[in-house]
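Trainee: Just passing along the structure, written as structure tokens.
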Amino acid sequence: MHLYGTAKIDQNGHLEIGGKDTVELAEKYGTPLYVYDVALIRKRARAFKHTFEKLGITSQVAYASKAFSTMAILQLIKEEGLSLDVVSGGELFTAIKADFPVEKIHFHGNNKSDDELKMALDYHIGCIVVDNFHELHTLNHLCSLREQKVNILLRVTPGIEAHTHDYILTGQEDSKFGFDLQNGQAETALLIALESKYLNVLGLHCHIGSQIFETTGFVLAARKILEKMAKWQEEFNFKPSVLNLGGGFGIRYTDEDAPLDPSLYVEEMINEVKKETERLSLPMPEIWIEPGRSLVGDAGTTLYSIGSSKDVPNIRKYIAVDGGMTDNIRPALYDAKYEAILANRANEQPKDKVSIAGKACESGDMLIWDLPLPDVGTNDILAVFCTGAYGYSMANNYNRIPRPPVVFVEDGNDQLVVKRETYEDLVRLDLPFKEKTKI
């Protein structure tokens, strides 16, 4: 059993997180329930910041809020002094409602609408990460109409493939994201931006993938981008002040995963940038990074109540829970793997392997295959670890199942930060069908 952050087993054999008995949390708030270990999120945030400070590097650590975006988590991130990435008008609106400092917000996305760009300009956010020529021209046009300047980064694809799931590769040449660094697209985009009196090009951005367990990809990406920067400094006198190397730092989901300590990713990046800037006679840029999953992923645990079961002799035993692909679609979408225990009988030794099925009317709604557990009953609470990233943020109402609430726990206190959806919430935006008028 691998426990994360403040998690431990109490004297009653119950799983405890943040000083709170998870069985009591399940009784108080119901299940399914997302529980976040606030102390672990703080620890992760401070570790990233401390590494830059220790090495004397000017930086921004921006939380990639697509991993988990609510007003409460953004206010916690603000409290820890981080910047913020958003990728949609909805995430930007959430940041504004959370009173996040607008100058520390960066806006990503490969197809920002005119309204989303106008919204970003209305709030004078700190930086827009420009992804393509359409956006580049649109943003320049909007700024010219307003006579408003804006800071931008150009997102480039350095042609580096991260060793990760095919669906979440983003740094290679064949990608929907960014200007290609190899075929001249990035250079053309830079010249267009430099000619504008409204677009202030801070520097370049790249993101090579997600759930990455080694530093090689980041090092190679930094090297390729800096070599291009040196060329542009010589040819165009362009001296970027920012190099954003993205995120994608891996976390442990199961014992098959072997992530590095967050500080190691940062140290390797910094060392490479220092070495290459000296070699290429470039000024040392600010280094920005964008951790998302690595800040909140293993801080989240989902609690479920055990329901029905089905024993298929000589094949497997299915145990159903009261959630599934509606609160965690990653197993169905990515074949993601998780570990889990019985929160109310955490000290008991496993007796058999069971497969955890969700309640959605879908054969693919399976959370965990072949999970070692004690004999399971209908009064048991299943705790699935490391659901803090892309659980709530990708939750859905398939089968008209309401989304679960979110609770933060810290120092023996629990706080409800997202209410459980009700059936009334599900139909709140529905409009009745109007029958044809009879003649």
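Chain identifiers are assigned as A, B, and so on, following the order in which chains appear in the structure tokens; residues are numbered from 1 within each chain, and ligands are numbered from 1 in order of appearance.
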Write out as a Markdown table a residue-level contact list of segment 69-164 of chain A versus segment 31-52 of chain A with cut-off 12 Å: for each qualifying residue the closest pair of atoms and the distance in Å to one decimal, counting only C-alpha atoms, rows sorted by chain and residue number upward.
Mentor:
| residue | atom | partner | partner_atom | distance |
| --- | --- | --- | --- | --- |
| A:Ala72 | CA | A:Val38 | CA | 10.8 |
| A:Ile73 | CA | A:Val38 | CA | 9.2 |
| A:Leu74 | CA | A:Ile41 | CA | 11.6 |
| A:Gln75 | CA | A:Val38 | CA | 11.8 |
| A:Leu76 | CA | A:Arg42 | CA | 8.2 |
| A:Ile77 | CA | A:Ala45 | CA | 8.0 |
| A:Lys78 | CA | A:Ala45 | CA | 10.6 |
| A:Glu79 | CA | A:Arg42 | CA | 9.3 |
| A:Glu80 | CA | A:Ala45 | CA | 6.9 |
| A:Gly81 | CA | A:Ala45 | CA | 8.7 |
| A:Leu82 | CA | A:Ala45 | CA | 7.6 |
| A:Ser83 | CA | A:Ala45 | CA | 10.7 |
Trainee: Find the spatial neighbours of Asp327 of chain A, counting only C-alpha atoms, within a cut-off of 8 Å - ignore same-chain residues fewer than 2 positions away - and output them as a PyMOL selection string.
Mentor: chain A and resi 323-325+329+391-392+394-396+403-404
Trainee: For Lys275 of chain A, which of A:Gly159, A:Asp352, A:Pro291, A:Leu226 is the closest residue, counting only C-alpha atoms?
Mentor: A:Leu226
Trainee: Given the choices A:Gly297, A:Gly412, A:Gly30, A:Gly126, which gets closest to Leu153 of chain A if the distance is worked out from only C-alpha atoms?
Mentor: A:Gly126
Trainee: For each of A:Leu181, A:Leu136, A:Gln211, A:Asp370, take the minimum atom-to-atom distance to Tyr198 of chain A, counting only C-alpha atoms, then give the residue where this is smallest.
Mentor: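 With only C-alpha atoms as the atom set, the closest residue is A:Leu136.
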Trainee: Based on DSSP run over this structure's backbone, return all residues of segment 82-207 of chain A in alpha helix (DSSP H), as a PyMOL selection string.
Mentor: chain A and resi 89-97+114-122+133-146+185-195
Trainee: Can you measure atom CA of Val376 of chain A to atom CA of Ile306 of chain A for me? One decimal in Å is fine.
Mentor: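 For atom CA of Val376 of chain A relative to atom CA of Ile306 of chain A, the distance reads 7.8 Å.
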Trainee: Considering only C-alpha atoms, return as a CSV table (one decimal) with all heavy atoms, in the first residue's frame whatever protein or nucleic-acid residues lie within 12 Å of Gly292 of chain A, sequence-local ones (same chain, fewer than 3 positions apart) excluded.
Mentor:
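Heads up, here's the output in around-v5.csv:
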chain,number,residue,atom,x,y,z
A,41,ILE,N,-0.7,19.7,-1.7
A,41,ILE,CA,-0.7,20.7,-2.8
A,41,ILE,C,0.3,21.8,-2.4
A,41,ILE,O,1.1,22.3,-3.3
A,41,ILE,CB,-2.1,21.2,-3.1
A,41,ILE,CG1,-3.0,20.1,-3.5
A,41,ILE,CG2,-2.0,22.4,-4.1
A,41,ILE,CD1,-4.5,20.5,-3.7
A,44,ARG,N,3.9,20.6,-2.8
A,44,ARG,CA,4.3,20.5,-4.2
A,44,ARG,C,4.6,21.9,-4.8
A,44,ARG,O,5.6,22.2,-5.5
A,44,ARG,CB,3.2,19.9,-5.1
A,44,ARG,CG,3.0,18.4,-4.8
A,44,ARG,CD,3.9,17.5,-5.5
A,44,ARG,NE,3.6,16.2,-5.4
A,44,ARG,CZ,4.0,15.3,-4.4
A,44,ARG,NH1,4.9,15.8,-3.6
A,44,ARG,NH2,3.6,14.1,-4.4
A,45,ALA,N,3.7,22.9,-4.5
A,45,ALA,CA,3.9,24.3,-5.0
A,45,ALA,C,5.2,24.9,-4.5
A,45,ALA,O,6.0,25.5,-5.2
A,45,ALA,CB,2.7,25.1,-4.6
A,48,PHE,N,8.5,23.4,-6.1
A,48,PHE,CA,8.8,24.0,-7.4
A,48,PHE,C,9.4,25.4,-7.3
A,48,PHE,O,10.5,25.7,-7.9
A,48,PHE,CB,7.6,24.1,-8.3
A,48,PHE,CG,7.2,22.8,-9.0
A,48,PHE,CD1,6.0,22.2,-8.7
A,48,PHE,CD2,8.1,22.2,-10.0
A,48,PHE,CE1,5.7,21.0,-9.4
A,48,PHE,CE2,7.7,21.1,-10.6
A,48,PHE,CZ,6.6,20.4,-10.3
A,61,VAL,N,6.2,29.9,-11.9
A,61,VAL,CA,5.6,28.6,-11.8
A,61,VAL,C,4.1,28.8,-12.0
A,61,VAL,O,3.4,29.4,-11.1
A,61,VAL,CB,5.9,27.9,-10.5
A,61,VAL,CG1,5.2,26.5,-10.4
A,61,VAL,CG2,7.4,27.8,-10.3
A,62,ALA,N,3.5,28.4,-13.1
A,62,ALA,CA,2.1,28.6,-13.4
A,62,ALA,C,1.3,27.3,-13.3
A,62,ALA,O,1.7,26.4,-14.0
A,62,ALA,CB,2.0,29.2,-14.8
A,63,TYR,N,0.3,27.3,-12.5
A,63,TYR,CA,-0.5,26.1,-12.3
A,63,TYR,C,-1.4,26.0,-13.6
A,63,TYR,O,-2.1,26.9,-14.0
A,63,TYR,CB,-1.4,26.3,-11.1
A,63,TYR,CG,-2.5,25.2,-11.0
A,63,TYR,CD1,-2.2,23.9,-11.0
A,63,TYR,CD2,-3.8,25.6,-10.8
A,63,TYR,CE1,-3.2,22.9,-10.9
A,63,TYR,CE2,-4.8,24.6,-10.8
A,63,TYR,CZ,-4.5,23.3,-10.8
A,63,TYR,OH,-5.5,22.3,-10.7
A,64,ALA,N,-1.3,24.8,-14.2
A,64,ALA,CA,-2.1,24.5,-15.4
A,64,ALA,C,-3.4,24.1,-14.9
A,64,ALA,O,-3.7,22.9,-14.6
A,64,ALA,CB,-1.4,23.4,-16.2
A,65,SER,N,-4.4,25.0,-14.9
A,65,SER,CA,-5.6,24.8,-14.2
A,65,SER,C,-6.6,23.8,-14.9
A,65,SER,O,-7.6,23.4,-14.4
A,65,SER,CB,-6.3,26.1,-14.0
A,65,SER,OG,-6.7,26.7,-15.2
A,66,LYS,N,-6.2,23.4,-16.2
A,66,LYS,CA,-7.1,22.4,-16.8
A,66,LYS,C,-7.1,21.1,-16.0
A,66,LYS,O,-8.1,20.3,-16.1
A,66,LYS,CB,-6.6,22.1,-18.2
A,66,LYS,CG,-5.3,21.5,-18.3
A,66,LYS,CD,-4.9,21.1,-19.8
A,66,LYS,CE,-3.6,20.3,-19.9
A,66,LYS,NZ,-3.3,19.8,-21.2
A,67,ALA,N,-6.1,20.9,-15.2
A,67,ALA,CA,-6.0,19.7,-14.4
A,67,ALA,C,-7.2,19.6,-13.3
A,67,ALA,O,-7.7,18.6,-13.0
A,67,ALA,CB,-4.7,19.6,-13.7
A,68,PHE,N,-7.5,20.8,-12.8
A,68,PHE,CA,-8.6,20.9,-11.8
A,68,PHE,C,-8.8,22.4,-11.5
A,68,PHE,O,-8.0,23.1,-11.0
A,68,PHE,CB,-8.1,20.2,-10.5
A,68,PHE,CG,-9.0,20.4,-9.3
A,68,PHE,CD1,-10.4,20.2,-9.4
A,68,PHE,CD2,-8.5,20.8,-8.1
A,68,PHE,CE1,-11.2,20.4,-8.3
A,68,PHE,CE2,-9.3,21.0,-7.0
A,68,PHE,CZ,-10.7,20.8,-7.1
A,69,SER,N,-10.0,22.9,-12.0
A,69,SER,CA,-10.2,24.3,-11.9
A,69,SER,C,-11.5,24.5,-11.2
A,69,SER,O,-12.6,24.2,-11.7
A,69,SER,CB,-10.3,24.9,-13.4
A,69,SER,OG,-10.6,26.3,-13.3
A,73,ILE,N,-9.5,26.0,-5.5
A,73,ILE,CA,-8.2,25.6,-5.8
A,73,ILE,C,-7.4,26.8,-6.4
A,73,ILE,O,-6.2,27.0,-6.1
A,73,ILE,CB,-8.1,24.4,-6.8
A,73,ILE,CG1,-6.7,23.9,-7.0
A,73,ILE,CG2,-8.7,24.8,-8.2
A,73,ILE,CD1,-6.0,23.4,-5.7
A,74,LEU,N,-8.0,27.7,-7.2
A,74,LEU,CA,-7.3,28.8,-7.7
A,74,LEU,C,-7.0,29.8,-6.6
A,74,LEU,O,-5.9,30.5,-6.6
A,74,LEU,CB,-8.1,29.5,-8.8
A,74,LEU,CG,-8.5,28.7,-10.0
A,74,LEU,CD1,-9.1,29.6,-11.1
A,74,LEU,CD2,-7.3,27.9,-10.5
A,77,ILE,N,-3.9,28.3,-4.9
A,77,ILE,CA,-2.8,28.6,-5.8
A,77,ILE,C,-2.3,30.0,-5.7
A,77,ILE,O,-1.1,30.3,-5.6
A,77,ILE,CB,-3.1,28.2,-7.3
A,77,ILE,CG1,-3.3,26.7,-7.4
A,77,ILE,CG2,-2.0,28.7,-8.2
A,77,ILE,CD1,-2.2,25.9,-7.0
A,82,LEU,N,1.7,31.3,-6.9
A,82,LEU,CA,2.0,30.9,-8.2
A,82,LEU,C,1.2,31.7,-9.2
A,82,LEU,O,0.3,32.4,-8.9
A,82,LEU,CB,1.5,29.4,-8.3
A,82,LEU,CG,2.6,28.3,-8.0
A,82,LEU,CD1,3.0,28.5,-6.5
A,82,LEU,CD2,2.0,26.9,-8.2
A,83,SER,N,1.6,31.5,-10.5
A,83,SER,CA,0.9,32.1,-11.6
A,83,SER,C,-0.1,31.1,-12.1
A,83,SER,O,-0.3,30.0,-11.5
A,83,SER,CB,1.8,32.5,-12.8
A,83,SER,OG,2.7,33.5,-12.4
A,84,LEU,N,-0.9,31.4,-13.2
A,84,LEU,CA,-2.0,30.5,-13.6
A,84,LEU,C,-2.1,30.4,-15.1
A,84,LEU,O,-2.0,31.4,-15.8
A,84,LEU,CB,-3.3,31.1,-13.0
A,84,LEU,CG,-4.6,30.3,-13.3
A,84,LEU,CD1,-4.6,29.0,-12.5
A,84,LEU,CD2,-5.8,31.1,-12.9
A,85,ASP,N,-2.3,29.2,-15.6
A,85,ASP,CA,-2.6,28.9,-17.0
A,85,ASP,C,-4.1,28.6,-17.1
A,85,ASP,O,-4.6,27.8,-16.3
A,85,ASP,CB,-1.8,27.7,-17.5
A,85,ASP,CG,-0.4,28.0,-17.8
A,85,ASP,OD1,0.0,29.2,-17.8
A,85,ASP,OD2,0.4,27.0,-18.0
A,86,VAL,N,-4.7,29.2,-18.1
A,86,VAL,CA,-6.1,28.9,-18.5
A,86,VAL,C,-6.1,28.6,-19.9
A,86,VAL,O,-5.3,29.0,-20.7
A,86,VAL,CB,-7.1,30.0,-18.2
A,86,VAL,CG1,-7.0,30.4,-16.7
A,86,VAL,CG2,-6.7,31.3,-19.0
A,210,SER,N,2.7,14.8,-21.6
A,210,SER,CA,2.3,14.7,-20.2
A,210,SER,C,2.7,13.3,-19.6
A,210,SER,O,3.0,12.4,-20.3
A,210,SER,CB,0.7,14.8,-20.2
A,210,SER,OG,0.3,16.0,-20.6
A,211,GLN,N,2.7,13.3,-18.2
A,211,GLN,CA,3.1,12.1,-17.5
A,211,GLN,C,4.4,11.6,-17.9
A,211,GLN,O,4.6,10.4,-18.3
A,211,GLN,CB,2.0,11.1,-17.7
A,211,GLN,CG,2.0,9.9,-16.7
A,211,GLN,CD,1.9,10.2,-15.2
A,211,GLN,OE1,1.9,11.4,-14.8
A,211,GLN,NE2,1.9,9.2,-14.4
A,246,GLY,N,6.9,24.6,-20.4
A,246,GLY,CA,5.7,23.8,-20.2
A,246,GLY,C,5.7,22.9,-18.9
A,246,GLY,O,6.4,23.2,-17.9
A,247,GLY,N,4.9,21.9,-19.0
A,247,GLY,CA,4.8,21.0,-17.8
A,247,GLY,C,4.9,19.5,-18.3
A,247,GLY,O,5.7,19.2,-19.2
A,248,GLY,N,4.0,18.7,-17.7
A,248,GLY,CA,4.0,17.3,-18.1
A,248,GLY,C,4.8,16.4,-17.1
A,248,GLY,O,5.0,15.2,-17.4
A,249,PHE,N,5.2,16.9,-16.0
A,249,PHE,CA,5.9,16.2,-15.0
A,249,PHE,C,5.1,15.0,-14.4
A,249,PHE,O,4.0,15.3,-14.0
A,249,PHE,CB,6.4,17.1,-13.9
A,249,PHE,CG,7.0,18.4,-14.4
A,249,PHE,CD1,6.4,19.6,-14.0
A,249,PHE,CD2,8.0,18.4,-15.3
A,249,PHE,CE1,6.9,20.8,-14.4
A,249,PHE,CE2,8.5,19.6,-15.7
A,249,PHE,CZ,7.9,20.8,-15.3
A,250,GLY,N,5.6,13.8,-14.5
A,250,GLY,CA,4.8,12.7,-14.1
A,250,GLY,C,4.6,12.5,-12.6
A,250,GLY,O,5.4,13.0,-11.8
A,251,ILE,N,3.5,11.8,-12.3
A,251,ILE,CA,3.3,11.4,-10.9
A,251,ILE,C,3.1,9.9,-10.8
A,251,ILE,O,3.0,9.2,-11.8
A,251,ILE,CB,2.0,12.1,-10.3
A,251,ILE,CG1,0.7,11.5,-11.0
A,251,ILE,CG2,2.1,13.6,-10.4
A,251,ILE,CD1,-0.5,11.9,-10.3
A,262,PRO,N,10.0,16.6,-8.2
A,262,PRO,CA,9.8,17.8,-9.0
A,262,PRO,C,11.0,18.7,-9.2
A,262,PRO,O,11.3,19.2,-10.2
A,262,PRO,CB,8.7,18.5,-8.3
A,262,PRO,CG,7.9,17.4,-7.6
A,262,PRO,CD,8.9,16.4,-7.2
A,289,ILE,N,7.5,27.5,-16.1
A,289,ILE,CA,7.0,26.1,-16.2
A,289,ILE,C,5.5,26.1,-15.8
A,289,ILE,O,5.0,27.0,-15.2
A,289,ILE,CB,7.8,25.1,-15.3
A,289,ILE,CG1,7.7,25.5,-13.8
A,289,ILE,CG2,9.2,25.1,-15.7
A,289,ILE,CD1,8.2,24.5,-12.9
A,295,LEU,N,1.0,19.0,-9.4
A,295,LEU,CA,0.6,19.8,-8.2
A,295,LEU,C,-0.6,19.2,-7.5
A,295,LEU,O,-0.7,19.2,-6.3
A,295,LEU,CB,0.2,21.2,-8.6
A,295,LEU,CG,1.4,22.2,-8.8
A,295,LEU,CD1,0.9,23.5,-9.4
A,295,LEU,CD2,2.2,22.4,-7.5
A,296,VAL,N,-1.6,18.7,-8.2
A,296,VAL,CA,-2.8,18.2,-7.6
A,296,VAL,C,-3.2,16.8,-7.8
A,296,VAL,O,-4.1,16.2,-7.1
A,296,VAL,CB,-4.0,19.1,-8.2
A,296,VAL,CG1,-3.8,20.5,-7.8
A,296,VAL,CG2,-4.2,18.9,-9.7
A,297,GLY,N,-2.4,16.1,-8.7
A,297,GLY,CA,-2.8,14.7,-9.0
A,297,GLY,C,-2.9,13.7,-7.9
A,297,GLY,O,-3.9,13.1,-7.6
A,298,ASP,N,-1.8,13.6,-7.1
A,298,ASP,CA,-1.8,12.6,-6.0
A,298,ASP,C,-2.3,13.2,-4.7
A,298,ASP,O,-2.3,12.5,-3.7
A,298,ASP,CB,-0.4,12.0,-5.8
A,298,ASP,CG,0.7,13.1,-5.6
A,298,ASP,OD1,0.4,14.3,-5.5
A,298,ASP,OD2,1.9,12.7,-5.6
A,299,ALA,N,-2.8,14.5,-4.8
A,299,ALA,CA,-3.4,15.1,-3.6
A,299,ALA,C,-4.9,14.7,-3.6
A,299,ALA,O,-5.6,15.0,-2.6
A,299,ALA,CB,-3.2,16.6,-3.6
A,388,GLY,N,-6.8,13.5,-8.3
A,388,GLY,CA,-6.9,14.9,-8.2
A,388,GLY,C,-6.7,15.7,-9.5
A,388,GLY,O,-7.1,16.8,-9.6
A,389,ALA,N,-6.2,15.1,-10.5
A,389,ALA,CA,-6.0,15.7,-11.8
A,389,ALA,C,-6.9,15.0,-12.8
A,389,ALA,O,-6.9,13.8,-13.0
A,389,ALA,CB,-4.6,15.7,-12.3
A,390,TYR,N,-7.7,15.8,-13.5
A,390,TYR,CA,-8.5,15.4,-14.6
A,390,TYR,C,-9.7,14.4,-14.2
A,390,TYR,O,-10.2,13.7,-15.0
A,390,TYR,CB,-7.7,14.7,-15.8
A,390,TYR,CG,-6.6,15.6,-16.2
A,390,TYR,CD1,-5.3,15.4,-15.8
A,390,TYR,CD2,-6.9,16.8,-17.0
A,390,TYR,CE1,-4.2,16.2,-16.2
A,390,TYR,CE2,-5.9,17.6,-17.3
A,390,TYR,CZ,-4.5,17.3,-17.0
A,390,TYR,OH,-3.5,18.2,-17.4
A,393,SER,N,-12.3,17.8,-13.3
A,393,SER,CA,-12.3,18.7,-14.5
A,393,SER,C,-12.9,18.0,-15.8
A,393,SER,O,-13.3,18.7,-16.7
A,393,SER,CB,-10.9,19.2,-14.8
A,393,SER,OG,-10.0,18.1,-15.1
